[in-house]
Amino acid sequence: MNRAEIVIIGAGSVGLSITRRLSQLKKEIVLLERHSTFGQDTSTRNSEVIHGGMYYPTDSLKTRLCVDGNRMLYEICAKHNIPHRKTGKLIIANTAEEHANIEEIYRQGQINGVPNLRIIEEKEIRKLEPHVQAKWALLSPESGILDATALMGFFEQDALANGASIRYDHEVIGLEKLADAYKVIVRRQNGKIDEITTDIVINAAGLYADKISEMLGLDIQKNRYRIYWVKGEYFDINKRHSGKITHLIYPTPTPVSLGIHVRLRLDGSFALGPNAIYVDEINYDVDPAHVDEFFSDAQEYLPFLEKSDLTPDMAGIRAKLQAEGEPVRDFVIRHEADKGLPGFINLVGIDSPALTACPAIAKEVAEIYRNL
């Protein structure tokens with residue numbers, strides 16, 4: 001049986017960031033990932049946006065970790081040559097109701113400490129984005145985009161250089177609480193079963209974080225840890241329009257998502273997405289029939305688009321704690337000692353803005369670890 005001081009489950013942006021942070025302590029760390037490489041579920045199937053932090057309630061983990069993560073992520077990207085761009089974001093409004101919504105987001109952003117937010121009108125919008133139709137917009141200058149794969153590659157290599165062990169094609173199929181440790185049961189791709197004994201287990205399993213919690217006897221209904229899968233599809237925009245948009249363009253958000261928005265890429269091309277569909281299975285196909293919904297939504301603020309400009313691009317699945325129709329939930333990041341599981345650090349419902357927040361989440365987990 002293998003021995004480790006810390007086992008981390010899940011090599012997405014959050015699990016890798018935690019591994020990198022804790023590897024600086026020079027502990028015996030093992031990161032386990034069921035796929036053959038990192039970021040295969042959610043971390044590379046999203047808009048790759050660096051969020052500002054103005055959407056979320058002031059006292060939430062999402063706000064604090066997004067605002068801190070925004071600053072930390074730009075510093076990491078600049079220092080380690082990770083491709084990124086501070087594009088700024090426009091949350092647009094064309095009706096009185098939408099204008100009231102962006103004013104509320106502005107007020108929330110001010111309370112949350114998001115810097116340099118402004119509400120601007122059509123004339124200034126036209127100067128910034130000549131091809132966008134909007135009467136008003138909330139400008140968030142600190143929002144941007146990055147190469148999520150490059151970011152995770154940096155986290156991986158830095159953690160390895162610090163002595164961490166990263167084991168791909170290792171799926172966690174069981175967890176057992178021992179007298180003063182944990183036994184982690186792992187199945188390799190070739191079917192071989194391994195066991196690792198560890199002092200600390202950190203659950204960063206994303207879409208499967210509730211299943212990992214259940215392995216240690218936690219009641220996911222009672223604790224409200226059940227993960228709901230929400231699929232988001234993207235449609236690519238014809239490359240002839242590359243360069244026409246330079247900011248992230250978002251509609252006013254809905255209770256389920258931030259809305260079908262412009263997903264800018266670093267090469268100047270862009271896509272639209274994601275929508276939000278609650279699903280019971282993992283399927284990354286894009287339904288071509290949804291093109292009508294995407295075109296209808298986008299044409300309101302991108303009048304230059306034609307329906308033929310849209311082609312199916314990709315899809316991702318988000319891990320949400322709220323069932324369909326329920327209010328948005330905050331991140332769960334906690335030490336489960338009060339549930340009889342000392343040394344089990346649980347991260348559940350780590351959806352947007354987790355990519356932005358990942359370095360701050362890692363700092364939060366490191367603080368929990370230091371206080372064990």
# chains A, B, ... in the order shown; residues from 1 in each chain; ligands from 1
>>> residues_around(residues="Pro141 in chain A", least_positions_apart="3", cutoff="8 Å", atoms="only C-alpha atoms", output="PyMOL selection string")
chain A and resi 86-89+116-117
>>> residues_around(residues="range 321-325 of chain A", least_positions_apart="5", cutoff="7 Å", atoms="only C-alpha atoms", output="ChimeraX atom specification")
/A:225-228,278,349
>>> write_last_selection(atoms="N, CA and C atoms", output="tab-separated table (two decimals), in the first residue's frame")
chain	number	residue	atom	x	y	z
A	225	TYR	N	-25.33	18.56	-0.71
A	225	TYR	CA	-24.11	18.44	-1.51
A	225	TYR	C	-24.38	17.83	-2.89
A	226	ARG	N	-25.62	17.53	-3.19
A	226	ARG	CA	-25.87	16.89	-4.48
A	226	ARG	C	-25.48	17.83	-5.62
A	227	ILE	N	-24.75	17.29	-6.59
A	227	ILE	CA	-24.34	18.04	-7.76
A	227	ILE	C	-25.36	17.85	-8.88
A	228	TYR	N	-25.78	18.97	-9.47
A	228	TYR	CA	-26.65	18.94	-10.65
A	228	TYR	C	-25.80	19.32	-11.86
A	278	TYR	N	-30.22	21.54	-17.81
A	278	TYR	CA	-30.01	20.51	-16.80
A	278	TYR	C	-30.08	19.14	-17.47
A	349	GLY	N	-19.66	21.90	-5.54
A	349	GLY	CA	-20.37	22.97	-6.24
A	349	GLY	C	-19.45	24.07	-6.69
>>> residues_around(residues="range 280-285 of chain A", least_positions_apart="5", cutoff="9 Å", atoms="only C-alpha atoms", output="PDB file with C-alpha atoms, in the first residue's frame")
ATOM      1  CA  TYR A 228     -26.646  18.938 -10.648  1.00  0.00           C
ATOM      2  CA  TRP A 229     -25.134  18.779 -14.112  1.00  0.00           C
ATOM      3  CA  VAL A 230     -25.869  21.786 -16.311  1.00  0.00           C
ATOM      4  CA  LYS A 231     -24.816  21.550 -19.939  1.00  0.00           C
ATOM      5  CA  GLY A 232     -23.664  24.610 -21.842  1.00  0.00           C
ATOM      6  CA  GLU A 233     -23.303  24.602 -25.616  1.00  0.00           C
ATOM      7  CA  PRO A 312     -21.788  24.066 -33.581  1.00  0.00           C
ATOM      8  CA  MET A 314     -18.299  22.598 -28.266  1.00  0.00           C
ATOM      9  CA  ALA A 315     -20.131  21.930 -25.017  1.00  0.00           C
ATOM     10  CA  GLY A 316     -19.252  21.730 -21.328  1.00  0.00           C
ATOM     11  CA  ILE A 317     -20.953  20.556 -18.151  1.00  0.00           C
TER      12      ILE A 317
END
>>> select_by_dssp(residues="range 232-349 of chain A", states="helix (DSSP H, G or I)", output="short mmCIF file (atom, residue, chain, number, x, y, z; two decimals) with N, CA and C atoms, in the first residue's frame")
data_model
loop_
_atom_site.label_atom_id
_atom_site.label_comp_id
_atom_site.auth_asym_id
_atom_site.auth_seq_id
_atom_site.Cartn_x
_atom_site.Cartn_y
_atom_site.Cartn_z
N LYS A 239 -15.25 32.99 -39.11
CA LYS A 239 -13.97 33.70 -38.91
C LYS A 239 -13.89 35.02 -39.69
N ARG A 240 -14.80 35.22 -40.64
CA ARG A 240 -14.79 36.50 -41.37
C ARG A 240 -15.10 37.67 -40.44
N HIS A 241 -15.68 37.37 -39.28
CA HIS A 241 -16.00 38.41 -38.31
C HIS A 241 -14.92 38.58 -37.24
N PRO A 288 -27.53 20.94 -33.12
CA PRO A 288 -27.59 21.99 -34.15
C PRO A 288 -28.92 22.74 -34.15
N ALA A 289 -29.98 22.11 -33.65
CA ALA A 289 -31.29 22.75 -33.64
C ALA A 289 -31.33 23.97 -32.72
N HIS A 290 -30.37 24.07 -31.80
CA HIS A 290 -30.34 25.20 -30.87
C HIS A 290 -29.79 26.47 -31.52
N VAL A 291 -29.41 26.38 -32.78
CA VAL A 291 -28.87 27.56 -33.47
C VAL A 291 -29.87 28.70 -33.48
N ASP A 292 -31.17 28.38 -33.56
CA ASP A 292 -32.19 29.43 -33.61
C ASP A 292 -32.20 30.25 -32.32
N GLU A 293 -32.09 29.57 -31.18
CA GLU A 293 -32.05 30.25 -29.88
C GLU A 293 -30.82 31.16 -29.79
N PHE A 294 -29.68 30.65 -30.20
CA PHE A 294 -28.44 31.42 -30.12
C PHE A 294 -28.50 32.64 -31.05
N PHE A 295 -28.95 32.42 -32.26
CA PHE A 295 -29.01 33.52 -33.24
C PHE A 295 -29.99 34.60 -32.78
N SER A 296 -31.16 34.17 -32.27
CA SER A 296 -32.16 35.12 -31.82
C SER A 296 -31.63 35.97 -30.68
N ASP A 297 -30.97 35.34 -29.70
CA ASP A 297 -30.44 36.08 -28.56
C ASP A 297 -29.32 37.04 -28.98
N ALA A 298 -28.41 36.54 -29.82
CA ALA A 298 -27.23 37.34 -30.17
C ALA A 298 -27.57 38.48 -31.13
N GLN A 299 -28.56 38.27 -31.99
CA GLN A 299 -28.88 39.28 -32.99
C GLN A 299 -29.34 40.59 -32.35
N LYS A 307 -27.60 34.09 -39.63
CA LYS A 307 -27.77 32.75 -39.06
C LYS A 307 -26.72 31.78 -39.59
N SER A 308 -26.34 31.96 -40.84
CA SER A 308 -25.36 31.06 -41.47
C SER A 308 -23.96 31.25 -40.88
N ASP A 309 -23.75 32.31 -40.10
CA ASP A 309 -22.44 32.53 -39.45
C ASP A 309 -22.21 31.58 -38.29
N GLU A 336 -14.35 18.84 7.06
CA GLU A 336 -15.51 18.09 7.52
C GLU A 336 -15.30 17.41 8.87
N ALA A 337 -14.45 17.99 9.71
CA ALA A 337 -14.17 17.39 11.02
C ALA A 337 -15.43 17.28 11.87
N ASP A 338 -16.33 18.27 11.76
CA ASP A 338 -17.54 18.24 12.57
C ASP A 338 -18.51 17.15 12.14
N LYS A 339 -18.23 16.52 11.00
CA LYS A 339 -19.04 15.39 10.55
C LYS A 339 -18.29 14.07 10.75
#
>>> residues_around(residues="Asp351 in chain A", least_positions_apart="5", cutoff="10 Å", atoms="only C-alpha atoms", output="ChimeraX atom specification")
/A:42-43,62,206-207,317-321,329-331
>>> write_last_selection(atoms="C-alpha atoms", output="compact mmCIF listing (two decimals), in the first residue's frame")
# COMPACT_ATOMS: atom_id res chain seq x y z
CA THR A 42 -15.03 21.40 -17.02
CA SER A 43 -11.79 23.40 -16.93
CA LYS A 62 -17.68 33.33 -4.74
CA GLY A 206 -15.79 18.75 -9.79
CA LEU A 207 -18.68 16.97 -11.48
CA ILE A 317 -20.95 20.56 -18.15
CA ARG A 318 -21.07 22.72 -15.02
CA ALA A 319 -21.35 21.32 -11.47
CA LYS A 320 -24.11 23.24 -9.70
CA LEU A 321 -25.55 22.81 -6.21
CA ARG A 329 -25.72 28.48 -4.31
CA ASP A 330 -22.29 29.44 -3.03
CA PHE A 331 -19.14 27.31 -3.15
>>> closest_residue(among="A:Leu341, A:Leu22, A:Leu178, A:Val365", to="Leu218 in chain A", atoms="only C-alpha atoms")
A:Leu341
>>> closest_residue(among="A:Tyr106, A:Phe38, A:Tyr250, A:Tyr369", to="Val132 in chain A", atoms="only C-alpha atoms")
A:Tyr250
>>> residues_around(residues="range 94-102 of chain A", least_positions_apart="2", cutoff="9 Å", atoms="only C-alpha atoms", output="list of chain:residue names")
A:Ile91, A:Ile92, A:Glu104, A:Ile105, A:Tyr106, A:Arg107, A:Ile119, A:Gln133, A:Ala134, A:Lys135, A:Trp136, A:Ala137, A:Leu138, A:Pro251, A:Thr252, A:Pro253, A:Glu300, A:Tyr301
>>> closest_residue(among="A:Ala159, A:Val286, A:Gly340, A:Asn223", to="Asp180 in chain A", atoms="only C-alpha atoms")
A:Gly340
>>> select_by_dssp(residues="range 95-218 of chain A", states="strand (DSSP E or B)", output="count of residues only")
41
>>> atom_distance(atom1="CA of Gly174 in chain A", atom2="CA of Thr19 in chain A")
20.7 Å
>>> closest_residue(among="A:Gly15, A:Gly109, A:Gly39, A:Gly343", to="Pro57 in chain A", atoms="only C-alpha atoms")
A:Gly109
>>> residues_around(residues="Arg85 in chain A", least_positions_apart="2", cutoff="7 Å", atoms="only C-alpha atoms", output="list of chain:residue names")
A:Thr87, A:Gly144, A:Ile145, A:Leu146
>>> write_last_selection(atoms="N, CA and C atoms", output="short mmCIF file (atom, residue, chain, number, x, y, z; two decimals), in the first residue's frame")
data_model
loop_
_atom_site.label_atom_id
_atom_site.label_comp_id
_atom_site.auth_asym_id
_atom_site.auth_seq_id
_atom_site.Cartn_x
_atom_site.Cartn_y
_atom_site.Cartn_z
N THR A 87 -9.35 42.24 -21.56
CA THR A 87 -10.20 42.77 -22.63
C THR A 87 -11.22 43.77 -22.11
N GLY A 144 -11.29 39.69 -18.33
CA GLY A 144 -10.40 39.33 -19.43
C GLY A 144 -10.53 37.88 -19.82
N ILE A 145 -9.56 37.41 -20.59
CA ILE A 145 -9.54 36.03 -21.06
C ILE A 145 -8.14 35.46 -20.90
N LEU A 146 -8.06 34.13 -20.88
CA LEU A 146 -6.76 33.49 -20.77
C LEU A 146 -6.80 32.13 -21.44
#
>>> closest_residue(among="A:Gly53, A:Thr311, A:Leu347, A:His335", to="Arg370 in chain A", atoms="only C-alpha atoms")
A:His335
>>> residues_around(residues="Ala357 in chain A", least_positions_apart="2", cutoff="12 Å", atoms="only C-alpha atoms", output="PyMOL selection string")
chain A and resi 13-15+17-18+49-53+61-74+331+350-355+359-364
>>> atom_distance(atom1="CA of Arg334 in chain A", atom2="CA of Asn346 in chain A")
5.4 Å
>>> atom_distance(atom1="CA of Ala78 in chain A", atom2="CA of Glu142 in chain A")
14.4 Å
